[in-house]
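> Quick one: this structure, given as structure tokens, is what I'll be asking you about.
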Amino acid sequence: MLDVQDVSELLALRGPEQEELFARARLKRTEIFGGEVVVRGVAEITNQCRVNCEFCPMRRDNTRANSGFRLGSDDLVDVAAAIKASGIDVVFFQGGEVPQTTRVVGEAIPRIRKMYGDNVEVLLNLGNKRRDEYEYLREQGATSYILKYETSDSQLNKSMRHETLESRLECLHDLLDLGYRVGTGSIVGLPGQDVRSVARDIIFARDLGVHMCSVAPFVPAPETPLAGHPGGDVELTLNAIAASRLVQPSWLIPAVSALSKRVGEGQHRGLMAGANVITINFTPEEQRDRYLIYGRERFVVKRDYATRLITQTGLTPRGSVFLGTPIGAVVLPVPESCDRS
């Protein structure tokens, strides 16, 4: 079993040794998942947030300056219909951390499940909530939840999020206890981080016993305290993806859009480093530009781009692994051109 020192050494690899690391990660991915990549459809449901994270343009201090939005239950059902029409069976709702999302999402989930004939993974990323709220959403039909700790360094976590790491962990334990398939993840490139800190993050996620784990490079965003901080090292992030695959081969590991925001072919390289999830954005266009996760110039993954990306890596799109969706169940069209808008 790999430890922090082992992972630290993997994170430092470059050149031919790095390519060998990526090949090992791809082999592990193939052993568990074959040549498949899970395709999700995401809608961002609100840009309002009660938390004041140093790295996020939707932080609480920016609320008055931002053009806020919050989708209603009918909107979520409409988005789910568009996701279903694209042949995707992972309906993913994410948004800022506000209490109102519990009711809105909870009211929509049974209608979405009925639309899919109950054969759907409902994945949420809505921040910290009380245990009874997680329980309510689970009873309504939510199946999976992502709650990123961002960094396992408790002091750095507090300085970046102005909340305790312990409060995040309590929520993660509640989600696992309630039977959710749980994802978490970290950011590479936060102030004061080093390679060993990134290695600890990966081992920390393994020890939590989660089912999914992401690694994203830090993206400096305007109108935040970290606007002038350097972006996260993409090579280190890619190595962290590959190391994560070796640490826990059964994880779902996304090639996140932040990789393509940092470098043009970042998500392609993420898949080549062992990632096995791509998320397509279905947020209604009138709200999409107001979801300022990396600022107004973020990278938005659309269906044509995702299709081309998957084809270029030689992988096959598939549905939810948690539903046991058969191979080839997700059929994305072959585009004439790559849509990167």
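Following the order of the structure tokens, chains are lettered A, B, ..., residues in each are numbered from 1, and ligands are numbered from 1.
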Please report, as JSON lines, each residue of segment 172-274 of chain A lying at most 10 Å from segment 129-152 of chain A, together with the nearest pair of atoms and the separation in Å rounded to one decimal; use only C-alpha atoms, and order rows by chain and ascending residue number.


{"residue": "A:Leu172", "atom": "CA", "partner": "A:Leu147", "partner_atom": "CA", "distance": 6.9}
{"residue": "A:His173", "atom": "CA", "partner": "A:Arg131", "partner_atom": "CA", "distance": 9.7}
{"residue": "A:Asp174", "atom": "CA", "partner": "A:Arg131", "partner_atom": "CA", "distance": 6.1}
{"residue": "A:Leu175", "atom": "CA", "partner": "A:Tyr134", "partner_atom": "CA", "distance": 6.9}
{"residue": "A:Leu176", "atom": "CA", "partner": "A:Tyr145", "partner_atom": "CA", "distance": 9.3}
{"residue": "A:Asp177", "atom": "CA", "partner": "A:Arg131", "partner_atom": "CA", "distance": 9.9}
{"residue": "A:Leu178", "atom": "CA", "partner": "A:Glu135", "partner_atom": "CA", "distance": 6.7}
{"residue": "A:Gly179", "atom": "CA", "partner": "A:Thr143", "partner_atom": "CA", "distance": 8.0}
{"residue": "A:Tyr180", "atom": "CA", "partner": "A:Ser144", "partner_atom": "CA", "distance": 5.0}
{"residue": "A:Arg181", "atom": "CA", "partner": "A:Ser144", "partner_atom": "CA", "distance": 4.5}
{"residue": "A:Val182", "atom": "CA", "partner": "A:Tyr145", "partner_atom": "CA", "distance": 5.1}
{"residue": "A:Gly183", "atom": "CA", "partner": "A:Ile146", "partner_atom": "CA", "distance": 4.3}
{"residue": "A:Thr184", "atom": "CA", "partner": "A:Lys148", "partner_atom": "CA", "distance": 4.1}
{"residue": "A:Gly185", "atom": "CA", "partner": "A:Lys148", "partner_atom": "CA", "distance": 4.6}
{"residue": "A:Ser186", "atom": "CA", "partner": "A:Glu150", "partner_atom": "CA", "distance": 3.8}
{"residue": "A:Ile187", "atom": "CA", "partner": "A:Glu150", "partner_atom": "CA", "distance": 5.2}
{"residue": "A:Val188", "atom": "CA", "partner": "A:Glu150", "partner_atom": "CA", "distance": 8.5}
{"residue": "A:Leu190", "atom": "CA", "partner": "A:Thr151", "partner_atom": "CA", "distance": 8.5}
{"residue": "A:Gln193", "atom": "CA", "partner": "A:Thr151", "partner_atom": "CA", "distance": 9.0}
{"residue": "A:Ser197", "atom": "CA", "partner": "A:Ser152", "partner_atom": "CA", "distance": 7.9}
{"residue": "A:Val198", "atom": "CA", "partner": "A:Thr151", "partner_atom": "CA", "distance": 8.0}
{"residue": "A:Ala199", "atom": "CA", "partner": "A:Ser152", "partner_atom": "CA", "distance": 10.0}
{"residue": "A:Arg200", "atom": "CA", "partner": "A:Ser152", "partner_atom": "CA", "distance": 7.2}
{"residue": "A:Asp201", "atom": "CA", "partner": "A:Ser152", "partner_atom": "CA", "distance": 5.4}
{"residue": "A:Ile202", "atom": "CA", "partner": "A:Ser152", "partner_atom": "CA", "distance": 9.0}
{"residue": "A:Ile203", "atom": "CA", "partner": "A:Ser152", "partner_atom": "CA", "distance": 9.6}
{"residue": "A:Phe204", "atom": "CA", "partner": "A:Ser152", "partner_atom": "CA", "distance": 6.9}
{"residue": "A:Ala205", "atom": "CA", "partner": "A:Ser152", "partner_atom": "CA", "distance": 8.7}
{"residue": "A:Val210", "atom": "CA", "partner": "A:Ile146", "partner_atom": "CA", "distance": 9.6}
{"residue": "A:His211", "atom": "CA", "partner": "A:Ser144", "partner_atom": "CA", "distance": 9.4}
{"residue": "A:Met212", "atom": "CA", "partner": "A:Ile146", "partner_atom": "CA", "distance": 8.0}
{"residue": "A:Cys213", "atom": "CA", "partner": "A:Lys148", "partner_atom": "CA", "distance": 8.4}
{"residue": "A:Ser214", "atom": "CA", "partner": "A:Lys148", "partner_atom": "CA", "distance": 8.2}
{"residue": "A:Val215", "atom": "CA", "partner": "A:Glu150", "partner_atom": "CA", "distance": 8.8}
{"residue": "A:Ala216", "atom": "CA", "partner": "A:Glu150", "partner_atom": "CA", "distance": 9.1}

> Please write the residues from the selection above to a file, keeping C-alpha atoms, as a CSV table (one decimal), in the first residue's frame.


chain,number,residue,atom,x,y,z
A,172,LEU,CA,-18.5,13.6,4.7
A,173,HIS,CA,-19.0,11.0,7.4
A,174,ASP,CA,-22.7,11.7,7.5
A,175,LEU,CA,-23.0,11.2,3.8
A,176,LEU,CA,-21.1,7.9,3.9
A,177,ASP,CA,-23.2,6.7,6.9
A,178,LEU,CA,-26.4,7.5,5.0
A,179,GLY,CA,-25.4,5.3,2.0
A,180,TYR,CA,-24.4,7.9,-0.5
A,181,ARG,CA,-21.7,7.2,-3.1
A,182,VAL,CA,-19.3,10.0,-2.0
A,183,GLY,CA,-16.7,12.0,-3.8
A,184,THR,CA,-14.2,14.5,-2.4
A,185,GLY,CA,-11.1,16.2,-3.8
A,186,SER,CA,-8.4,18.8,-3.5
A,187,ILE,CA,-6.8,21.8,-5.1
A,188,VAL,CA,-3.2,21.9,-6.2
A,190,LEU,CA,-2.9,26.9,-2.9
A,193,GLN,CA,1.3,24.0,-0.3
A,197,SER,CA,1.0,18.3,1.2
A,198,VAL,CA,-0.5,17.2,-2.1
A,199,ALA,CA,0.6,13.6,-1.3
A,200,ARG,CA,-1.1,13.8,2.1
A,201,ASP,CA,-4.3,15.0,0.4
A,202,ILE,CA,-4.4,11.8,-1.7
A,203,ILE,CA,-3.8,9.5,1.2
A,204,PHE,CA,-6.3,11.4,3.3
A,205,ALA,CA,-9.0,10.8,0.7
A,210,VAL,CA,-14.8,7.7,-0.5
A,211,HIS,CA,-15.8,6.4,-4.0
A,212,MET,CA,-14.7,9.4,-6.1
A,213,CYS,CA,-11.8,11.8,-5.9
A,214,SER,CA,-10.8,14.8,-8.0
A,215,VAL,CA,-7.6,16.8,-8.2
A,216,ALA,CA,-7.8,20.3,-9.8

> Which residues come within 12 Å of Pro99 of chain A, counting only C-alpha atoms, excluding same-chain residues fewer than 5 positions away, as a list in words?

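The contact residues come out as Thr46, Gln48, Cys49, Arg50, Val51, Arg70, Val104, Val105, Gly106, Leu126, Gly127, Asn128, Lys129, Arg130, Glu133 and Tyr134 of chain A.
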
> Here is a test: counting only C-alpha atoms, which residue of A:Cys56, A:Leu208, A:Val37, A:Val122 is nearest to Arg161 of chain A?

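Of A:Cys56, A:Leu208, A:Val37, A:Val122, the one nearest Arg161 of chain A, counting only C-alpha atoms, is A:Cys56.
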
> Please identify all polymer residues within 7 Å of Ala25 of chain A, counting only C-alpha atoms, omitting same-chain residues fewer than 4 positions from it, and present them as a list in words.

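Those residues are Leu21, Arg29, Ala242, Arg245, Leu246, Ala273 and Gly274 of chain A.
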
> Take the selection from the previous step and output its residues with all heavy atoms, as a short mmCIF file (atom, residue, chain, number, x, y, z; two decimals), in the first residue's frame.


data_model
loop_
_atom_site.label_atom_id
_atom_site.label_comp_id
_atom_site.auth_asym_id
_atom_site.auth_seq_id
_atom_site.Cartn_x
_atom_site.Cartn_y
_atom_site.Cartn_z
N LEU A 21 4.62 6.73 -15.46
CA LEU A 21 3.62 6.83 -14.40
C LEU A 21 2.21 6.88 -14.99
O LEU A 21 1.31 6.16 -14.53
CB LEU A 21 3.87 8.08 -13.56
CG LEU A 21 2.77 8.49 -12.57
CD1 LEU A 21 2.59 7.43 -11.50
CD2 LEU A 21 3.10 9.85 -11.94
N ARG A 29 -6.53 1.71 -14.53
CA ARG A 29 -7.88 2.10 -14.91
C ARG A 29 -8.53 1.03 -15.78
O ARG A 29 -9.70 0.67 -15.57
CB ARG A 29 -7.84 3.43 -15.66
CG ARG A 29 -9.21 3.94 -16.13
CD ARG A 29 -9.08 5.22 -16.93
NE ARG A 29 -8.33 5.00 -18.17
CZ ARG A 29 -7.82 5.97 -18.92
NH1 ARG A 29 -7.95 7.23 -18.56
NH2 ARG A 29 -7.18 5.68 -20.04
N ALA A 242 -2.66 10.63 -11.63
CA ALA A 242 -2.09 9.30 -11.85
C ALA A 242 -1.81 8.59 -10.53
O ALA A 242 -2.11 7.40 -10.36
CB ALA A 242 -0.81 9.41 -12.68
N ARG A 245 -4.94 7.27 -9.00
CA ARG A 245 -5.38 6.00 -9.61
C ARG A 245 -4.61 4.82 -9.04
O ARG A 245 -5.19 3.74 -8.82
CB ARG A 245 -5.18 6.10 -11.13
CG ARG A 245 -5.52 4.81 -11.90
CD ARG A 245 -6.99 4.44 -11.76
NE ARG A 245 -7.85 5.43 -12.37
CZ ARG A 245 -9.12 5.65 -12.03
NH1 ARG A 245 -9.67 4.93 -11.05
NH2 ARG A 245 -9.86 6.56 -12.61
N LEU A 246 -3.33 4.99 -8.76
CA LEU A 246 -2.54 3.90 -8.20
C LEU A 246 -2.88 3.68 -6.73
O LEU A 246 -2.87 2.54 -6.24
CB LEU A 246 -1.05 4.20 -8.36
CG LEU A 246 -0.54 4.35 -9.80
CD1 LEU A 246 0.96 4.60 -9.79
CD2 LEU A 246 -0.87 3.11 -10.63
N ALA A 273 -3.66 10.54 -18.09
CA ALA A 273 -3.00 10.30 -16.81
C ALA A 273 -3.79 9.38 -15.90
O ALA A 273 -3.38 9.13 -14.76
CB ALA A 273 -2.76 11.64 -16.10
N GLY A 274 -4.94 8.87 -16.38
CA GLY A 274 -5.68 7.88 -15.60
C GLY A 274 -7.06 8.30 -15.14
O GLY A 274 -7.76 7.53 -14.48
#

> Please, which residues of segment 68-316 of chain A, numbered as in this document, come out strand (DSSP E) from DSSP, as a PyMOL selection string?

chain A and resi 90-94+121-125+144-146+181-188+212-217+277-281+316

> Could you write those residues out with N, CA and C atoms, as a compact mmCIF listing (two decimals), in the first residue's frame?


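Below you can see part16.txt, which holds the result:
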# COMPACT_ATOMS: atom_id res chain seq x y z
N VAL A 90 -26.34 10.21 -15.62
CA VAL A 90 -25.84 10.82 -14.39
C VAL A 90 -26.27 12.29 -14.42
N VAL A 91 -27.27 12.63 -13.59
CA VAL A 91 -27.77 14.00 -13.51
C VAL A 91 -27.12 14.65 -12.30
N PHE A 92 -26.34 15.69 -12.56
CA PHE A 92 -25.44 16.27 -11.57
C PHE A 92 -25.87 17.72 -11.33
N PHE A 93 -26.24 18.05 -10.09
CA PHE A 93 -26.58 19.42 -9.73
C PHE A 93 -25.54 19.95 -8.76
N GLN A 94 -24.96 21.11 -9.08
CA GLN A 94 -24.01 21.72 -8.17
C GLN A 94 -24.32 23.21 -8.05
N GLU A 121 -28.61 8.07 -11.85
CA GLU A 121 -27.79 8.49 -10.72
C GLU A 121 -27.98 9.99 -10.52
N VAL A 122 -28.48 10.38 -9.36
CA VAL A 122 -28.64 11.79 -9.04
C VAL A 122 -27.49 12.20 -8.14
N LEU A 123 -26.59 12.99 -8.69
CA LEU A 123 -25.34 13.39 -8.04
C LEU A 123 -25.46 14.86 -7.64
N LEU A 124 -25.12 15.17 -6.39
CA LEU A 124 -25.24 16.53 -5.88
C LEU A 124 -23.89 17.04 -5.39
N ASN A 125 -23.71 18.36 -5.51
CA ASN A 125 -22.53 19.03 -4.96
C ASN A 125 -23.01 20.38 -4.45
N SER A 144 -25.72 10.11 -4.97
CA SER A 144 -24.29 10.42 -4.84
C SER A 144 -24.12 11.87 -4.42
N TYR A 145 -22.97 12.15 -3.80
CA TYR A 145 -22.72 13.51 -3.32
C TYR A 145 -21.23 13.78 -3.36
N ILE A 146 -20.86 14.95 -3.86
CA ILE A 146 -19.47 15.39 -3.88
C ILE A 146 -19.30 16.51 -2.87
N ARG A 181 -22.96 7.37 -2.42
CA ARG A 181 -21.66 7.22 -3.08
C ARG A 181 -21.01 8.60 -2.98
N VAL A 182 -19.88 8.68 -2.35
CA VAL A 182 -19.33 9.97 -1.95
C VAL A 182 -18.04 10.29 -2.71
N GLY A 183 -17.96 11.54 -3.15
CA GLY A 183 -16.75 12.04 -3.78
C GLY A 183 -16.16 13.19 -2.98
N THR A 184 -14.87 13.35 -3.07
CA THR A 184 -14.22 14.49 -2.44
C THR A 184 -13.08 14.93 -3.36
N GLY A 185 -12.22 15.82 -2.90
CA GLY A 185 -11.14 16.25 -3.77
C GLY A 185 -10.38 17.43 -3.23
N SER A 186 -9.31 17.78 -3.95
CA SER A 186 -8.40 18.80 -3.47
C SER A 186 -7.98 19.73 -4.61
N ILE A 187 -7.37 20.84 -4.20
CA ILE A 187 -6.83 21.83 -5.14
C ILE A 187 -5.31 21.80 -5.04
N VAL A 188 -4.64 21.82 -6.18
CA VAL A 188 -3.19 21.87 -6.23
C VAL A 188 -2.75 23.29 -6.54
N MET A 212 -15.15 8.48 -5.00
CA MET A 212 -14.73 9.35 -6.09
C MET A 212 -13.76 10.38 -5.51
N CYS A 213 -12.79 10.79 -6.34
CA CYS A 213 -11.84 11.79 -5.85
C CYS A 213 -11.30 12.60 -7.03
N SER A 214 -11.31 13.92 -6.89
CA SER A 214 -10.80 14.78 -7.95
C SER A 214 -9.57 15.55 -7.48
N VAL A 215 -8.76 15.94 -8.46
CA VAL A 215 -7.63 16.82 -8.21
C VAL A 215 -7.69 17.92 -9.26
N ALA A 216 -7.73 19.17 -8.82
CA ALA A 216 -7.85 20.29 -9.75
C ALA A 216 -6.72 21.29 -9.53
N PRO A 217 -6.16 21.84 -10.60
CA PRO A 217 -5.16 22.89 -10.42
C PRO A 217 -5.83 24.19 -9.98
N VAL A 277 -13.61 10.24 -15.93
CA VAL A 277 -14.90 10.93 -15.90
C VAL A 277 -14.79 12.23 -16.68
N ILE A 278 -15.81 12.51 -17.50
CA ILE A 278 -15.96 13.80 -18.17
C ILE A 278 -17.36 14.32 -17.87
N THR A 279 -17.45 15.61 -17.54
CA THR A 279 -18.73 16.23 -17.20
C THR A 279 -19.09 17.28 -18.25
N ILE A 280 -20.27 17.13 -18.85
CA ILE A 280 -20.77 18.05 -19.87
C ILE A 280 -21.70 19.05 -19.21
N ASN A 281 -21.56 20.31 -19.58
CA ASN A 281 -22.33 21.38 -18.93
C ASN A 281 -23.67 21.59 -19.63
N THR A 316 -14.26 4.80 -24.53
CA THR A 316 -15.67 4.66 -24.90
C THR A 316 -16.53 5.31 -23.83

> If you run DSSP on the backbone here, which positions in segment 207-258 of chain A get helix (DSSP H, G or I)? Please write them as a ChimeraX atom specification.

/A:207-208,234-247,257-258

> Go through A:Thr313, A:Gly228, A:Met160, A:Gly41 and flag the residue nearest Arg269 of chain A, using only C-alpha atoms for the distances.

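So, comparing all the options, the nearest one is A:Thr313.
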
> Neighbours of Pro191 of chain A within 9 Å (only C-alpha atoms; same-chain residues fewer than 2 positions away dropped), as a PyMOL selection string?

chain A and resi 156+160+189+193-194+226+229-230

> Please list as a list in words every residue within 12 Å of Leu13 of chain A, counting only C-alpha atoms and excluding residues in the same chain fewer than 2 positions away.

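Here the qualifying residues turn out to be Asp6, Val7, Ser8, Glu9, Leu10, Leu11, Gly15, Pro16, Glu17, Gln18, Glu19, Glu20, Leu21, Phe22, Val195, Glu235, Leu236, Thr237, Leu238, Asn239, Ala240, Ala242 and Ala243 of chain A.
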